$ cat model25.txt   # compact mmCIF, C-alpha atoms
# COMPACT_ATOMS: atom_id res chain seq x y z
CA MET A 191 0.00 0.00 0.00
CA ALA A 192 1.29 3.42 -0.88
CA ILE A 193 2.30 5.76 1.92
CA VAL A 194 0.01 8.79 1.87
CA GLY A 195 1.46 11.32 -0.56
CA GLN A 196 3.80 8.78 -2.18
CA ILE A 197 3.69 8.35 -5.98
CA ASN A 198 3.86 4.72 -7.14
CA ALA A 199 5.46 3.54 -10.38
CA SER A 200 2.87 0.77 -10.68
CA PRO A 201 -0.31 -0.35 -8.88
CA SER A 202 0.40 -1.49 -5.33
CA ILE A 203 -1.51 -4.14 -3.35
CA SER A 204 -0.75 -4.64 0.34
CA ILE A 205 -2.70 -6.46 3.03
CA ALA A 206 -1.57 -6.18 6.66
CA PHE A 207 -2.79 -8.49 9.39
CA LYS A 208 -2.89 -7.61 13.06
CA THR A 209 -3.37 -11.07 14.44
CA LEU A 210 -5.77 -11.83 17.27
CA ALA A 211 -5.16 -14.33 20.03
CA THR A 212 -6.45 -17.41 18.22
CA THR A 213 -5.09 -19.71 15.55
CA ALA A 214 -5.88 -20.88 12.05
CA ILE A 215 -6.16 -24.23 10.29
CA GLN A 216 -4.22 -23.86 7.09
CA ARG A 217 -5.93 -24.16 3.74
CA SER A 218 -2.92 -24.98 1.62
CA GLU A 219 -3.41 -28.60 0.57
CA ARG A 220 -3.09 -27.15 -2.90
CA GLY A 221 0.27 -25.69 -1.93
CA THR A 222 3.29 -25.55 -4.21
CA VAL A 223 6.74 -26.66 -3.06
CA CYS A 224 9.81 -25.19 -4.76
CA LEU A 225 13.03 -27.22 -4.70
CA ILE A 226 16.47 -25.83 -5.48
CA LEU A 227 18.43 -28.74 -6.97
CA GLN A 228 21.83 -29.41 -8.47
CA ASP A 229 21.67 -31.99 -11.27
CA THR A 230 24.17 -33.27 -13.82
CA LYS A 231 21.48 -34.48 -16.26
CA ALA A 232 18.65 -31.94 -16.17
CA ALA A 233 18.83 -29.77 -19.28
CA GLU A 234 16.39 -27.01 -18.35
CA LYS A 235 16.41 -24.38 -15.63
CA TRP A 236 12.75 -24.79 -14.59
CA TYR A 237 10.55 -27.86 -14.18
CA THR A 238 7.00 -28.32 -12.86
CA PHE A 239 5.52 -31.66 -11.77
CA LYS A 240 2.14 -32.62 -10.34
CA THR A 241 2.71 -36.37 -10.04
CA ILE A 242 5.76 -38.61 -9.91
CA ALA A 243 4.55 -40.12 -13.20
CA ASP A 244 5.39 -36.77 -14.86
CA VAL A 245 9.07 -37.23 -13.98
CA GLU A 246 11.33 -38.89 -16.55
CA THR A 247 13.59 -40.57 -14.02
CA GLU A 248 16.36 -41.37 -16.49
CA LYS A 249 16.85 -37.62 -17.03
CA TRP A 250 17.59 -36.88 -13.37
CA ASP A 251 20.29 -37.78 -10.87
CA LYS A 252 19.18 -40.53 -8.47
CA ASP A 253 19.35 -38.30 -5.38
CA ASN A 254 17.05 -35.75 -6.97
CA ILE A 255 14.49 -38.42 -7.82
CA LYS A 256 14.44 -39.27 -4.11
CA TYR A 257 13.92 -35.60 -3.22
CA ILE A 258 11.05 -35.27 -5.68
CA ASN A 259 9.45 -38.40 -4.22
CA LEU A 260 9.81 -36.98 -0.72
CA ALA A 261 8.26 -33.66 -1.70
CA MET A 262 5.27 -35.39 -3.31
CA HIS A 263 4.76 -38.05 -0.65
CA TYR A 264 2.46 -35.96 1.56
CA GLY A 265 0.25 -34.54 -1.17
CA ALA A 266 1.67 -31.19 -2.23
CA PHE A 267 -0.33 -29.91 -5.18
CA LYS A 268 2.64 -29.06 -7.37
CA ILE A 269 6.45 -29.29 -7.33
CA LEU A 270 8.39 -26.42 -8.88
CA ILE A 271 12.09 -27.09 -9.44
CA ARG A 272 14.82 -24.56 -10.08
CA VAL A 273 17.95 -26.33 -11.35
CA ILE A 274 21.20 -24.57 -10.51
CA GLN A 275 23.11 -23.81 -13.70
CA ASN A 276 26.90 -23.88 -14.04
CA GLY A 277 28.56 -21.01 -12.22
CA GLU A 278 25.38 -19.73 -10.56
CA ASP A 279 25.50 -18.69 -6.95
CA THR A 280 22.59 -18.84 -4.53
CA SER A 281 21.76 -15.15 -4.85
CA LYS A 282 21.25 -15.50 -8.61
CA VAL A 283 18.89 -18.44 -8.11
CA LEU A 284 16.89 -16.56 -5.48
CA LYS A 285 16.56 -13.55 -7.77
CA ASP A 286 14.82 -15.82 -10.29
CA LEU A 287 12.51 -17.14 -7.57
CA GLU A 288 11.19 -13.63 -6.92
CA MET A 289 9.21 -13.88 -10.16
CA ARG A 290 7.60 -17.25 -9.32
CA LYS A 291 4.66 -18.07 -7.06
CA PHE A 292 5.03 -20.92 -4.55
CA ASN A 293 4.35 -21.59 -0.88
CA TRP A 294 7.26 -23.59 0.56
CA LEU A 295 10.94 -23.71 -0.33
CA ALA A 296 13.57 -26.40 0.31
CA TYR A 297 17.23 -26.63 -0.66
CA PRO A 298 18.34 -30.19 0.25
CA LYS A 299 21.99 -29.94 -0.78
CA ALA A 300 22.61 -26.45 0.60
CA LEU A 301 25.82 -25.75 2.44
CA GLU A 302 25.40 -23.84 5.69
CA THR A 303 26.46 -20.54 4.10
CA GLU A 304 24.04 -21.07 1.20
CA ASP A 305 21.28 -21.94 3.63
CA GLN A 306 21.87 -18.68 5.52
CA THR A 307 21.58 -16.76 2.26
CA VAL A 308 18.19 -18.40 1.62
CA VAL A 309 17.02 -17.68 5.18
CA ASN A 310 17.90 -14.00 4.80
CA TRP A 311 16.15 -13.82 1.42
CA VAL A 312 12.95 -15.44 2.71
CA LYS A 313 12.80 -13.11 5.71
CA GLN A 314 13.25 -10.10 3.43
CA GLN A 315 10.64 -11.31 0.92
CA PHE A 316 8.06 -12.20 3.57
CA GLY A 317 8.59 -9.16 5.79
CA ASN A 318 8.46 -8.87 9.56
CA THR A 319 6.42 -5.72 10.25
CA GLY A 320 2.90 -7.14 10.07
CA THR A 321 2.58 -6.49 6.34
CA ILE A 322 3.02 -9.76 4.47
CA GLY A 323 4.91 -9.55 1.19
CA LYS A 324 5.70 -12.71 -0.77
CA THR A 325 4.04 -15.61 1.06
CA VAL A 326 7.04 -17.93 0.78
CA LYS A 327 8.26 -20.02 3.74
CA TYR A 328 11.45 -22.07 4.11
CA VAL A 329 12.47 -25.21 6.00
CA SER A 330 16.09 -25.36 7.21
CA SER A 331 18.12 -27.72 9.40
CA PHE A 332 21.04 -25.29 9.75
CA ALA A 333 19.10 -22.23 10.90
CA ASP A 334 19.07 -21.45 14.61
CA LYS A 335 17.14 -18.78 16.53
CA THR A 336 15.93 -17.07 13.36
CA ASP A 337 12.81 -15.92 15.24
CA HIS A 338 10.67 -15.55 12.13
CA VAL A 339 7.26 -16.92 11.17
CA ALA A 340 8.42 -17.83 7.65
CA ILE A 341 11.34 -20.00 8.78
CA VAL A 342 10.87 -23.54 10.10
CA GLU A 343 13.93 -24.97 11.86
CA LEU A 344 14.02 -28.76 11.56
CA ALA A 345 15.71 -29.85 14.80
CA ASN A 346 16.37 -33.60 14.73
CA GLY A 347 19.92 -34.45 13.71
CA GLY A 348 21.43 -37.71 12.59
CA THR A 349 20.08 -39.91 9.82
CA TYR A 350 16.44 -39.90 8.74
CA LYS A 351 15.51 -43.49 7.84
CA SER A 352 12.89 -43.25 5.09
CA ILE A 353 11.28 -45.69 2.67
CA TYR A 354 13.04 -43.64 -0.03
CA GLY A 355 16.49 -44.08 1.56
CA ASP A 356 18.62 -42.44 4.22
CA PHE A 357 18.67 -38.64 4.42
CA THR A 358 20.49 -35.94 6.33
CA ALA A 359 18.38 -33.41 8.19
CA GLN A 360 18.89 -30.78 5.46
CA GLU A 361 17.85 -33.26 2.79
CA TYR A 362 14.75 -34.21 4.77
CA THR A 363 13.57 -30.58 4.84
CA VAL A 364 12.07 -31.47 1.45
CA ALA A 365 9.59 -33.83 3.13
CA ILE A 366 8.62 -31.27 5.77
CA ALA A 367 7.97 -28.65 3.10
CA GLY A 368 5.82 -31.14 1.18
CA LEU A 369 3.98 -32.16 4.34
CA ILE A 370 2.98 -28.61 5.28
CA ALA A 371 2.05 -27.70 1.70
CA GLY A 372 -0.16 -30.78 1.48
CA MET A 373 -2.14 -30.29 4.70
CA PRO A 374 -5.93 -30.17 4.20
CA LEU A 375 -8.16 -27.51 5.74
CA ASN A 376 -9.48 -29.57 8.61
CA ARG A 377 -6.26 -30.44 10.46
CA SER A 378 -2.79 -29.26 11.43
CA VAL A 379 0.60 -31.00 11.42
CA ASP A 380 0.53 -31.45 15.22
CA ASN A 381 1.13 -35.13 16.01
CA TYR A 382 1.01 -36.04 12.31
CA THR A 383 2.42 -39.47 11.44
CA MET A 384 5.38 -39.34 9.06
CA SER A 385 4.44 -42.39 7.02
CA ASP A 386 7.68 -42.48 5.00
CA LEU A 387 9.94 -42.58 8.07
CA LYS A 388 11.11 -45.72 9.87
CA SER A 389 12.98 -43.89 12.64
CA VAL A 390 14.55 -40.59 13.57
CA GLU A 391 17.14 -39.42 16.09
CA ASP A 392 15.55 -38.33 19.39
CA TYR A 393 15.36 -34.62 20.17
CA GLU A 394 14.19 -32.82 23.31
CA PRO A 395 11.49 -30.32 22.19
CA LYS A 396 12.47 -26.63 22.37
CA LEU A 397 10.71 -23.37 21.59
CA GLY A 398 11.18 -22.31 17.99
CA LYS A 399 12.18 -25.80 16.84
CA PHE A 400 10.17 -28.13 14.59
CA SER A 401 10.90 -31.65 15.82
CA LEU A 402 9.85 -35.26 15.27
CA TYR A 403 9.64 -38.11 17.78
CA ASN A 404 9.54 -41.89 17.75
CA ASP A 405 6.18 -43.17 18.99
CA GLU A 406 6.20 -46.95 19.27
CA GLU A 407 6.87 -48.05 15.68
CA VAL A 408 6.01 -44.78 13.92
CA VAL A 409 7.50 -41.30 13.73
CA LYS A 410 5.32 -38.28 14.46
CA VAL A 411 5.53 -34.50 14.40
CA ASN A 412 5.88 -33.16 17.92
CA TYR A 413 4.33 -29.70 17.46
CA GLY A 414 3.83 -27.77 14.23
CA VAL A 415 5.77 -24.60 15.00
CA ASN A 416 7.93 -22.15 13.10
CA SER A 417 10.98 -20.40 14.58
CA LYS A 418 9.12 -17.42 16.07
CA THR A 419 9.97 -17.02 19.78
CA THR A 420 9.47 -13.31 20.52
CA PHE A 421 6.08 -11.65 20.23
CA ASP A 422 4.38 -8.25 20.23
CA SER A 423 1.04 -6.67 19.40
CA THR A 424 1.43 -7.59 15.72
CA TRP A 425 3.01 -11.04 15.94
CA LYS A 426 1.19 -12.51 18.92
CA LYS A 427 2.25 -15.79 20.50
CA ASP A 428 -0.09 -17.94 18.41
CA THR A 429 1.77 -16.94 15.25
CA ARG A 430 4.49 -19.40 16.25
CA LYS A 431 2.13 -22.10 15.00
CA ILE A 432 2.59 -22.98 11.33
CA LYS A 433 -1.17 -23.32 10.89
CA VAL A 434 -1.68 -19.70 11.95
CA VAL A 435 0.74 -18.28 9.44
CA GLU A 436 -0.58 -20.60 6.71
CA GLY A 437 -4.09 -19.29 7.36
CA MET A 438 -2.90 -15.70 7.20
CA CYS A 439 -0.92 -16.29 4.01
CA PHE A 440 -3.77 -18.12 2.33
CA ILE A 441 -6.20 -15.27 2.97
CA VAL A 442 -3.64 -12.65 1.91
CA ASP A 443 -2.99 -14.49 -1.38
CA ASP A 444 -6.68 -15.00 -2.06
CA ILE A 445 -7.64 -11.37 -1.51
CA ARG A 446 -4.59 -10.06 -3.33
CA ASP A 447 -5.21 -12.32 -6.35
CA THR A 448 -8.92 -11.49 -6.44
CA PHE A 449 -8.22 -7.77 -6.40
CA LYS A 450 -5.58 -8.07 -9.12
CA ASN A 451 -7.61 -10.34 -11.41
CA TYR A 452 -11.11 -8.90 -11.03
CA TRP A 453 -10.90 -5.35 -9.67
CA LEU A 454 -7.61 -3.65 -10.49
CA GLY A 455 -8.10 -1.20 -13.36
CA LYS A 456 -11.71 -2.25 -13.94
CA TYR A 457 -13.67 -0.23 -11.37
CA ILE A 458 -13.77 3.46 -10.48
CA ASN A 459 -12.21 4.02 -7.06
CA ASP A 460 -15.25 5.54 -5.36
CA TYR A 461 -17.03 4.83 -2.08
CA ASP A 462 -19.64 2.49 -3.56
CA ASN A 463 -17.07 0.25 -5.25
CA LYS A 464 -14.87 0.17 -2.15
CA MET A 465 -17.88 -0.90 -0.08
CA ASN A 466 -18.78 -3.50 -2.70
CA PHE A 467 -15.27 -4.98 -2.54
CA CYS A 468 -15.41 -5.07 1.27
CA SER A 469 -18.83 -6.72 1.13
CA ASN A 470 -17.56 -9.41 -1.22
CA ILE A 471 -14.78 -10.28 1.22
CA THR A 472 -16.86 -10.06 4.39
CA LYS A 473 -20.18 -11.56 3.34
CA VAL A 474 -19.01 -14.08 0.75
CA TYR A 475 -15.36 -15.06 1.14
CA PHE A 476 -15.15 -14.93 4.92
CA LYS A 477 -18.38 -16.88 5.26
CA GLU A 478 -16.94 -19.64 3.08
CA MET A 479 -13.76 -19.66 5.15
CA SER A 480 -15.65 -20.56 8.32
CA PRO A 481 -15.65 -22.78 10.29
CA ASN A 482 -12.52 -24.48 8.90
CA VAL A 483 -10.29 -21.40 8.79
CA LEU A 484 -12.14 -18.47 10.37
CA ASN A 485 -14.28 -18.55 13.50
CA GLY A 486 -17.89 -18.57 12.36
CA ASP A 487 -19.05 -17.05 15.67
CA TYR A 488 -16.85 -13.97 15.25
CA ASP A 489 -17.69 -10.86 13.23
CA ASN A 490 -14.92 -11.30 10.64
CA LYS A 491 -14.92 -8.25 8.41
CA VAL A 492 -13.05 -5.90 6.09
CA GLU A 493 -13.97 -2.21 5.85
CA ILE A 494 -12.62 1.12 4.63
CA ASP A 495 -9.77 2.28 6.86
CA ILE A 496 -11.05 5.55 8.31
CA GLU A 497 -7.69 6.44 9.88
CA ALA A 498 -5.92 6.11 6.54
CA GLN A 499 -8.67 8.21 4.92
CA LYS A 500 -8.05 10.93 7.53
CA LYS A 501 -4.34 10.99 6.68
CA VAL A 502 -5.18 11.53 3.00
CA ILE A 503 -7.47 14.42 3.90
CA ILE A 504 -4.83 16.02 6.13
CA THR A 505 -2.20 15.59 3.41
CA ASP A 506 -4.55 17.41 1.05
CA GLY A 507 -4.60 20.33 3.49
CA LEU A 508 -8.15 19.89 4.75
CA GLU A 509 -9.58 19.77 8.27
CA VAL A 510 -10.99 16.37 9.28
CA ASN A 511 -12.59 17.53 12.54
CA SER A 512 -15.32 19.33 10.64
CA MET A 513 -16.24 16.23 8.60
CA THR A 514 -18.62 13.41 9.46
CA ASP A 515 -17.42 9.80 9.40
CA LEU A 516 -19.34 9.21 6.18
CA GLU A 517 -17.73 12.22 4.53
CA ILE A 518 -14.31 10.92 5.58
CA LEU A 519 -15.04 7.45 4.20
CA GLN A 520 -16.35 8.93 0.93
CA TYR A 521 -13.33 11.18 0.41
CA PRO A 522 -11.57 10.36 -2.90
CA THR A 523 -8.11 8.74 -2.62
CA GLY A 524 -6.96 8.65 -6.23
CA ASP A 525 -6.09 5.06 -7.17
CA ASP A 526 -5.21 3.97 -3.61
CA VAL A 527 -7.66 1.74 -1.73
CA TYR A 528 -7.20 1.81 2.05
CA LEU A 529 -8.88 -1.06 3.88
CA THR A 530 -8.61 -2.59 7.34
CA GLY A 531 -9.59 -6.08 8.50
CA ASP A 532 -10.56 -7.81 11.72
CA VAL A 533 -10.61 -11.62 11.76
CA ARG A 534 -10.32 -14.49 14.20
CA PHE A 535 -8.93 -17.90 13.26
CA VAL A 536 -9.85 -21.38 14.52
CA ASP A 537 -7.63 -24.32 15.38
CA THR A 538 -7.70 -28.06 15.93
CA MET A 539 -7.24 -29.54 19.40
CA ALA A 540 -3.66 -29.84 20.66
CA SER A 541 -3.15 -29.31 24.40
CA LEU A 542 -5.56 -30.77 26.97
CA SER A 543 -6.17 -29.69 30.54
CA LEU A 544 -8.67 -31.85 32.46
CA THR A 545 -9.48 -31.51 36.14
CA MET A 546 -11.56 -34.28 37.68
CA THR A 547 -13.19 -34.00 41.09
CA MET A 548 -13.89 -37.14 43.14

$ encode --input "model25.txt" --output "structure tokens"
Amino acid sequence: MAIVGQINASPSISIAFKTLATTAIQRSERGTVCLILQDTKAAEKWYTFKTIADVETEKWDKDNIKYINLAMHYGAFKILIRVIQNGEDTSKVLKDLEMRKFNWLAYPKALETEDQTVVNWVKQQFGNTGTIGKTVKYVSSFADKTDHVAIVELANGGTYKSIYGDFTAQEYTVAIAGLIAGMPLNRSVDNYTMSDLKSVEDYEPKLGKFSLYNDEEVVKVNYGVNSKTTFDSTWKKDTRKIKVVEGMCFIVDDIRDTFKNYWLGKYINDYDNKMNFCSNITKVYFKEMSPNVLNGDYDNKVEIDIEAQKKVIITDGLEVNSMTDLEILQYPTGDDVYLTGDVRFVDTMASLSLTMTM
């Protein structure tokens, strides 16, 4: 969103969320996983696959076939692959990724320095001020104390024993990215059974760490958290849960895409059309998002941002105190649309507290 008085070179769409105290079940079972791979056989820079049957195995290194299988195992909608070309460094690859749309990123063969470059890029692309930019998230085994909602730190070390072979922790980040991208609306990754794994090295759960545990003869997710460990009025404590951030990102992408595809450049920016856009979100989209994503008992809504409207009026040299609320809301804002939202998310059950009196 443009700062009041700022001139944009192109149309700008920005949606900021001030999260409430509840959580969200993600809606990204149609999520896309992007893999950064090194391959001696792959001839192209970009590949897209929806099923393992689409992959011509003889045209890929054996390790990369295993990574693709891992990424697809838990139902990700699509796999986008960026093959590193000769002489390319990580920064060049990431620059290309800025022009592509995907949800989760994994770099199984990354060195620790390369991984840090990716972490920094994801944090910059996503943002950390409450305004969500590119809704890309990254799974890393090297990262530590990144304290960011878009970074998941896979904590278990050692060898991951999978039906597809043995993997290091960094290699297995591919499976975690695919798992989260493939989650349906009605559940989270908490306590999810990792059906490809035979065993994993034990790890004592810690805040900000995504870990797995051996439960009898299966391996399960301990708690579906990202690396966020410090909180404020914007990033409240529930945003440490992956499902919360997935819900936020899904809604941001949906509203942003709808505005771009159906509203941008097609409607006069007046009060009636702004109200119509808000009504479409509040009365149609938000209703469909409950009860699986948004709380159906809460007054989830989007409306014209009266405080932003006041700033426009002041910038134009006018006095807002003499205007009614309706006059402020109706004041023309050029091609900028200033909206504000208030939503509450829902969650699946995780922690139980039961007191029994005898």

$ residues_around --input "model25.txt" --residues "A:Phe239" --least-positions-apart "2" --cutoff "10 Å" --atoms "only C-alpha atoms" --output "list of chain:residue names"
A:Thr222, A:Tyr237, A:Thr241, A:Ile242, A:Ala243, A:Asp244, A:Val245, A:Ile258, A:Met262, A:Phe267, A:Lys268, A:Ile269, A:Leu270, A:Ile271

$ closest_residue --input "model25.txt" --among "A:Asn466, A:Thr530, A:Gln520, A:Thr247" --to "A:Ile494" --atoms "all atoms listed in the file"
A:Thr530

$ closest_residue --input "model25.txt" --among "A:Met465, A:Leu529, A:Ile322, A:Leu227" --to "A:Glu361" --atoms "only C-alpha atoms"
A:Leu227

$ closest_residue --input "model25.txt" --among "A:Arg446, A:Lys477, A:Lys235, A:Arg377" --to "A:Val533" --atoms "only C-alpha atoms"
A:Lys477

$ closest_atom_pairs --input "model25.txt" --of "stretch 261-306 of chain A" --to "stretch 338-342 of chain A" --cutoff "12 Å" --atoms "all atoms listed in the file" --output "tab-separated table"
residue	atom	partner	partner_atom	distance
A:Asn293	CA	A:Ala340	CA	10.2
A:Trp294	CA	A:Ala340	CA	9.2
A:Leu295	CA	A:Ile341	CA	9.8
A:Ala296	CA	A:Val342	CA	10.6
A:Asp305	CA	A:Ile341	CA	11.4
A:Gln306	CA	A:Ile341	CA	11.1

$ write_last_selection --input "model25.txt" --atoms "C-alpha atoms" --output "tab-separated table (two decimals), keeping the file's coordinate frame"
chain	number	residue	atom	x	y	z
A	293	ASN	CA	4.35	-21.59	-0.88
A	294	TRP	CA	7.26	-23.59	0.56
A	295	LEU	CA	10.94	-23.71	-0.33
A	296	ALA	CA	13.57	-26.40	0.31
A	305	ASP	CA	21.28	-21.94	3.63
A	306	GLN	CA	21.87	-18.68	5.52

$ build_atoms --input "model25.txt" --residues "stretch 418-441 of chain A" --atoms "N, CA and C atoms" --output "short mmCIF file (atom, residue, chain, number, x, y, z; two decimals), keeping the file's coordinate frame"
data_model
loop_
_atom_site.label_atom_id
_atom_site.label_comp_id
_atom_site.auth_asym_id
_atom_site.auth_seq_id
_atom_site.Cartn_x
_atom_site.Cartn_y
_atom_site.Cartn_z
N LYS A 418 9.46 -18.65 15.34
CA LYS A 418 9.12 -17.42 16.07
C LYS A 418 9.13 -17.67 17.58
N THR A 419 9.88 -16.85 18.32
CA THR A 419 9.97 -17.02 19.78
C THR A 419 9.76 -15.72 20.54
N THR A 420 9.77 -14.58 19.86
CA THR A 420 9.47 -13.31 20.52
C THR A 420 8.22 -12.72 19.88
N PHE A 421 7.40 -12.05 20.70
CA PHE A 421 6.08 -11.65 20.23
C PHE A 421 5.75 -10.22 20.66
N ASP A 422 4.82 -9.61 19.92
CA ASP A 422 4.38 -8.25 20.23
C ASP A 422 2.93 -8.11 19.83
N SER A 423 2.45 -6.88 19.71
CA SER A 423 1.04 -6.67 19.40
C SER A 423 0.69 -7.07 17.98
N THR A 424 1.67 -7.16 17.10
CA THR A 424 1.43 -7.59 15.72
C THR A 424 1.58 -9.10 15.59
N TRP A 425 2.75 -9.60 15.99
CA TRP A 425 3.01 -11.04 15.94
C TRP A 425 2.78 -11.62 17.32
N LYS A 426 1.53 -11.96 17.61
CA LYS A 426 1.19 -12.51 18.92
C LYS A 426 1.66 -13.96 19.02
N LYS A 427 1.60 -14.51 20.24
CA LYS A 427 2.25 -15.79 20.50
C LYS A 427 1.71 -16.92 19.65
N ASP A 428 0.46 -16.85 19.21
CA ASP A 428 -0.09 -17.94 18.41
C ASP A 428 0.48 -17.98 17.00
N THR A 429 1.16 -16.92 16.58
CA THR A 429 1.77 -16.94 15.25
C THR A 429 3.01 -17.81 15.19
N ARG A 430 3.41 -18.41 16.30
CA ARG A 430 4.49 -19.40 16.25
C ARG A 430 4.01 -20.70 15.65
N LYS A 431 2.69 -20.90 15.59
CA LYS A 431 2.13 -22.10 15.00
C LYS A 431 2.09 -21.97 13.47
N ILE A 432 2.56 -22.99 12.79
CA ILE A 432 2.59 -22.98 11.33
C ILE A 432 1.18 -22.78 10.78
N LYS A 433 0.20 -23.41 11.40
CA LYS A 433 -1.17 -23.32 10.89
C LYS A 433 -1.70 -21.89 10.91
N VAL A 434 -1.26 -21.08 11.87
CA VAL A 434 -1.68 -19.70 11.95
C VAL A 434 -1.17 -18.91 10.75
N VAL A 435 0.12 -19.02 10.52
CA VAL A 435 0.74 -18.28 9.44
C VAL A 435 0.24 -18.77 8.08
N GLU A 436 -0.01 -20.08 7.96
CA GLU A 436 -0.58 -20.60 6.71
C GLU A 436 -1.95 -20.00 6.46
N GLY A 437 -2.78 -19.89 7.51
CA GLY A 437 -4.09 -19.29 7.36
C GLY A 437 -4.00 -17.84 6.94
N MET A 438 -3.10 -17.10 7.56
CA MET A 438 -2.90 -15.70 7.20
C MET A 438 -2.46 -15.56 5.75
N CYS A 439 -1.46 -16.37 5.37
CA CYS A 439 -0.92 -16.29 4.01
C CYS A 439 -1.97 -16.67 2.97
N PHE A 440 -2.77 -17.68 3.29
CA PHE A 440 -3.77 -18.12 2.33
C PHE A 440 -4.78 -17.01 2.07
N ILE A 441 -5.23 -16.35 3.13
CA ILE A 441 -6.20 -15.27 2.97
C ILE A 441 -5.57 -14.08 2.24
#
